[in-house]
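Student: Below: one structure in structure tokens.
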Amino acid sequence: MTRAYNFCAGPAALPEEVLLQAREEMLDWHGKGLSVMEMSHRSDEFVGIAQEAESLLRELLSVPQDYKVLFLQGGANLQFSSVPLNLLGSRSSADYIDTGIWSNKAVKEAARYAKIDVIANTADQHYHRVPQQQELKFNKDAAYVHYCSNETIGGLEFDYVPVTENGVPLVCDMSSTILSRPMDVAQYDMIYAGAQKNIGPAGLCLVIIKESLLDREVSSIPTMMSYRVAAENDSMYNTPPTFAWYLSGLVFQWLKRQGGVTAIGEVNARKASKLYAAIDESRLYANPIAVANRSWMNVPFTLADTGLEKAFLKEADAAGLLNLKGHRSVGGMRASIYNAVPEAAVDALIDFMHAFEKKYYPA
Ligand SMILES: *Cc1c(COP(=O)(O)O)cnc(C)c1O
């Protein structure tokens, strides 16, 4: 068996060790004679699996005691509607920062429930940088401020955590960057992240929320979308995606074995900086993002001769470098180099890019 290097933006690569462990435990989990998929979510076994995953996540991110961790469904997209329905309270508007495709989708969905004010927007600069703190013009009666810390498609990330005014809660879509490096959860009031990038398989969405925000839901909220109900039921109001939850727990164990977010953060910084250096040094490849805002996780790049894109993808595929095609909305290439993508994969990609340039685009 050979496993290729997978640069998919999501569902993304999982650590090989985790897949091997899941295979090992597949038919007979810990001598219980059944797989995790076949267990009652109310069984002691699964409740143990679920609690261990939560406590590992809390440990990895040093989640403060007054925050709830919820394991939800519907992906990050459902959060685009869950956030306003849970956090509006008696207010009718919210502030959003627009930095690209994902934050834009969040704006459009929230606008179905509230008056949304896009308080900063770098569309006129092609989303090649994020707005600075002093450009954020907050509204004092906003129910919350929402932003996306890493735009997965644009390859653009915040190099700072926005500070709101008047105690307005800060909500962050951290789908493609959570667990990629150390962070201070207390700087946010709520964080959410779809699992299929840095956490585990698709089907799960993590929410980390300050307990004091659990009393703001609008009365018409669907029960399944209520953070309060989820918190009161340990994320088991209905049948949760048990296998995805279990596998995420294995990923958290793996991450802890790597040395946690500090150690993985150092690897991630190195992976990103060598890939951007290879792009910047070449004549064929380019990345337009302001250096301070270049994503550590998603590295888009274009080819000076777009006629070479097909050959690039075909030869990359043949070399075992998969899923490098950029998002359909922006074209070009994109290498997603999440936690589970080993440094050797980035080295192999850089070698391939050099060889390809030499062959098809010689000086
Ligand atoms: C992938 C992604 C989403 C969408 O996630 P789904 O789980 O597919 O709904 C939202 N926001 C960001 C930043 C993402 O990377």
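So you can find residues: chains in the structure tokens are A, B, ... in the order shown, residues in each start at 1, and ligands are numbered from 1 in order.
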Do you know which residues are at most 7 Å from Asn121 (chain A) counting only C-alpha atoms, after dropping those on the same chain fewer than 6 positions away, and could you put them as a list of chain:residue names?
Tutor: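 My reading of the contact set: A:Ile97, A:Asp98, A:Thr99, A:Pro131.
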Student: Can I get the selection written as a PDB file, in the first residue's frame, with all heavy atoms?
Tutor:
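Written out: part.pdb:
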```
ATOM      1  N   ILE A  97     -17.039  41.240   9.777  1.00  0.00           N
ATOM      2  CA  ILE A  97     -15.860  41.634   9.000  1.00  0.00           C
ATOM      3  C   ILE A  97     -15.831  40.735   7.765  1.00  0.00           C
ATOM      4  O   ILE A  97     -15.956  39.514   7.888  1.00  0.00           O
ATOM      5  CB  ILE A  97     -14.568  41.467   9.839  1.00  0.00           C
ATOM      6  CG1 ILE A  97     -14.670  42.278  11.134  1.00  0.00           C
ATOM      7  CG2 ILE A  97     -13.342  41.884   9.020  1.00  0.00           C
ATOM      8  CD1 ILE A  97     -13.513  42.045  12.111  1.00  0.00           C
ATOM      9  N   ASP A  98     -15.682  41.345   6.609  1.00  0.00           N
ATOM     10  CA  ASP A  98     -15.716  40.590   5.356  1.00  0.00           C
ATOM     11  C   ASP A  98     -14.305  40.485   4.775  1.00  0.00           C
ATOM     12  O   ASP A  98     -13.719  41.488   4.364  1.00  0.00           O
ATOM     13  CB  ASP A  98     -16.665  41.288   4.371  1.00  0.00           C
ATOM     14  CG  ASP A  98     -16.578  40.699   2.971  1.00  0.00           C
ATOM     15  OD1 ASP A  98     -16.110  39.547   2.832  1.00  0.00           O
ATOM     16  OD2 ASP A  98     -16.976  41.390   2.020  1.00  0.00           O
ATOM     17  N   THR A  99     -13.775  39.267   4.768  1.00  0.00           N
ATOM     18  CA  THR A  99     -12.417  39.071   4.242  1.00  0.00           C
ATOM     19  C   THR A  99     -12.382  38.052   3.104  1.00  0.00           C
ATOM     20  O   THR A  99     -11.303  37.605   2.712  1.00  0.00           O
ATOM     21  CB  THR A  99     -11.468  38.591   5.371  1.00  0.00           C
ATOM     22  OG1 THR A  99     -12.100  37.521   6.073  1.00  0.00           O
ATOM     23  CG2 THR A  99     -11.142  39.723   6.333  1.00  0.00           C
ATOM     24  N   PRO A 131      -8.332  43.684   7.199  1.00  0.00           N
ATOM     25  CA  PRO A 131      -8.402  45.033   7.762  1.00  0.00           C
ATOM     26  C   PRO A 131      -7.650  45.101   9.091  1.00  0.00           C
ATOM     27  O   PRO A 131      -7.618  44.116   9.826  1.00  0.00           O
ATOM     28  CB  PRO A 131      -9.897  45.282   7.973  1.00  0.00           C
ATOM     29  CG  PRO A 131     -10.590  44.012   7.693  1.00  0.00           C
ATOM     30  CD  PRO A 131      -9.636  43.008   7.148  1.00  0.00           C
TER      31      PRO A 131
END
```
Student: Let's see if you can do this: from backbone DSSP, list all helix (DSSP H, G or I) residues in region 219-277 of chain A, as a VMD selection string.
Tutor: chain A and resid 223 to 225 227 to 232 242 to 257 260 to 277
Student: When you look at Leu14 (chain A) with a cut-off of 9 Å (counting only C-alpha atoms), what residues show up, excluding the ones that are within fewer than 6 positions of it in the same chain? I need them as a PyMOL selection string.
Tutor: chain A and resi 196-201+251+339-341
Student: At a cut-off of 8 Å and counting only C-alpha atoms and all ligand atoms, what residues surround ligand 1? Please answer as a tab-separated table (two decimals) with N, CA and C atoms, in the first residue's frame.
Tutor:
```tsv
chain	number	residue	atom	x	y	z
A	9	ALA	N	-8.29	20.65	0.62
A	9	ALA	CA	-8.73	21.71	1.54
A	9	ALA	C	-9.75	21.19	2.54
A	10	GLY	N	-10.43	20.12	2.21
A	10	GLY	CA	-11.39	19.53	3.13
A	10	GLY	C	-12.49	18.80	2.38
A	74	GLY	N	-24.04	19.54	11.16
A	74	GLY	CA	-24.41	20.58	10.19
A	74	GLY	C	-23.23	21.39	9.68
A	75	GLY	N	-22.04	21.08	10.11
A	75	GLY	CA	-20.86	21.77	9.59
A	75	GLY	C	-20.81	23.23	9.98
A	76	ALA	N	-19.79	23.91	9.52
A	76	ALA	CA	-19.66	25.34	9.82
A	76	ALA	C	-20.80	26.12	9.16
A	77	ASN	N	-21.29	25.61	8.03
A	77	ASN	CA	-22.37	26.34	7.35
A	77	ASN	C	-23.61	26.50	8.23
A	78	LEU	N	-23.94	25.49	9.03
A	78	LEU	CA	-25.12	25.64	9.87
A	78	LEU	C	-24.87	26.72	10.93
A	79	GLN	N	-23.62	26.88	11.32
A	79	GLN	CA	-23.30	27.92	12.30
A	79	GLN	C	-23.57	29.32	11.75
A	102	TRP	N	-15.75	32.83	2.70
A	102	TRP	CA	-16.45	32.24	3.85
A	102	TRP	C	-17.10	33.29	4.73
A	103	SER	N	-16.40	34.39	5.00
A	103	SER	CA	-17.04	35.41	5.85
A	103	SER	C	-18.24	36.02	5.12
A	148	CYS	N	-13.81	35.68	10.29
A	148	CYS	CA	-13.23	34.38	9.94
A	148	CYS	C	-11.72	34.54	10.01
A	149	SER	N	-11.09	33.80	10.93
A	149	SER	CA	-9.66	34.04	11.16
A	149	SER	C	-8.78	33.52	10.04
A	150	ASN	N	-9.28	32.58	9.25
A	150	ASN	CA	-8.49	32.08	8.11
A	150	ASN	C	-9.44	31.77	6.95
A	151	GLU	N	-9.32	32.55	5.89
A	151	GLU	CA	-10.14	32.32	4.70
A	151	GLU	C	-9.51	31.19	3.89
A	152	THR	N	-10.15	30.04	3.98
A	152	THR	CA	-9.62	28.80	3.42
A	152	THR	C	-9.43	28.86	1.90
A	153	ILE	N	-10.30	29.59	1.24
A	153	ILE	CA	-10.24	29.66	-0.23
A	153	ILE	C	-9.25	30.72	-0.67
A	173	ASP	N	-15.11	32.20	13.11
A	173	ASP	CA	-15.11	30.98	12.31
A	173	ASP	C	-13.65	30.56	12.16
A	174	MET	N	-13.29	29.51	12.89
A	174	MET	CA	-11.89	29.07	12.93
A	174	MET	C	-11.73	27.71	12.24
A	175	SER	N	-12.63	27.42	11.30
A	175	SER	CA	-12.70	26.08	10.71
A	175	SER	C	-11.37	25.56	10.19
A	176	SER	N	-10.60	26.43	9.53
A	176	SER	CA	-9.42	25.91	8.84
A	176	SER	C	-8.12	26.23	9.56
A	193	ALA	N	-15.83	25.64	14.46
A	193	ALA	CA	-14.96	25.05	13.45
A	193	ALA	C	-15.54	23.75	12.93
A	194	GLY	N	-15.75	23.68	11.64
A	194	GLY	CA	-16.09	22.41	11.00
A	194	GLY	C	-14.91	21.47	11.19
A	195	ALA	N	-15.19	20.17	11.35
A	195	ALA	CA	-14.12	19.25	11.76
A	195	ALA	C	-13.17	18.85	10.65
A	196	GLN	N	-13.63	18.89	9.41
A	196	GLN	CA	-12.92	18.15	8.35
A	196	GLN	C	-11.63	18.78	7.85
A	197	LYS	N	-11.12	19.80	8.57
A	197	LYS	CA	-9.83	20.36	8.22
A	197	LYS	C	-8.76	19.93	9.23
A	202	ALA	N	-15.51	14.72	8.36
A	202	ALA	CA	-16.67	15.59	8.18
A	202	ALA	C	-17.84	15.05	9.01
A	203	GLY	N	-18.77	15.93	9.33
A	203	GLY	CA	-19.97	15.49	10.03
A	203	GLY	C	-20.06	16.05	11.44
A	204	LEU	N	-19.03	16.76	11.83
A	204	LEU	CA	-18.95	17.28	13.19
A	204	LEU	C	-18.55	18.75	13.11
A	205	CYS	N	-19.09	19.54	14.00
A	205	CYS	CA	-18.66	20.93	14.07
A	205	CYS	C	-18.47	21.29	15.54
```
Student: Per DSSP on the backbone, filter region 51-84 of chain A down to the residues in strand (DSSP E or B) and report them as a list in words.
Tutor: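 Reading the DSSP output for region 51-84 of chain A, strand (DSSP E or B) covers Tyr67, Lys68, Val69, Leu70, Phe71 and Leu72 of chain A.
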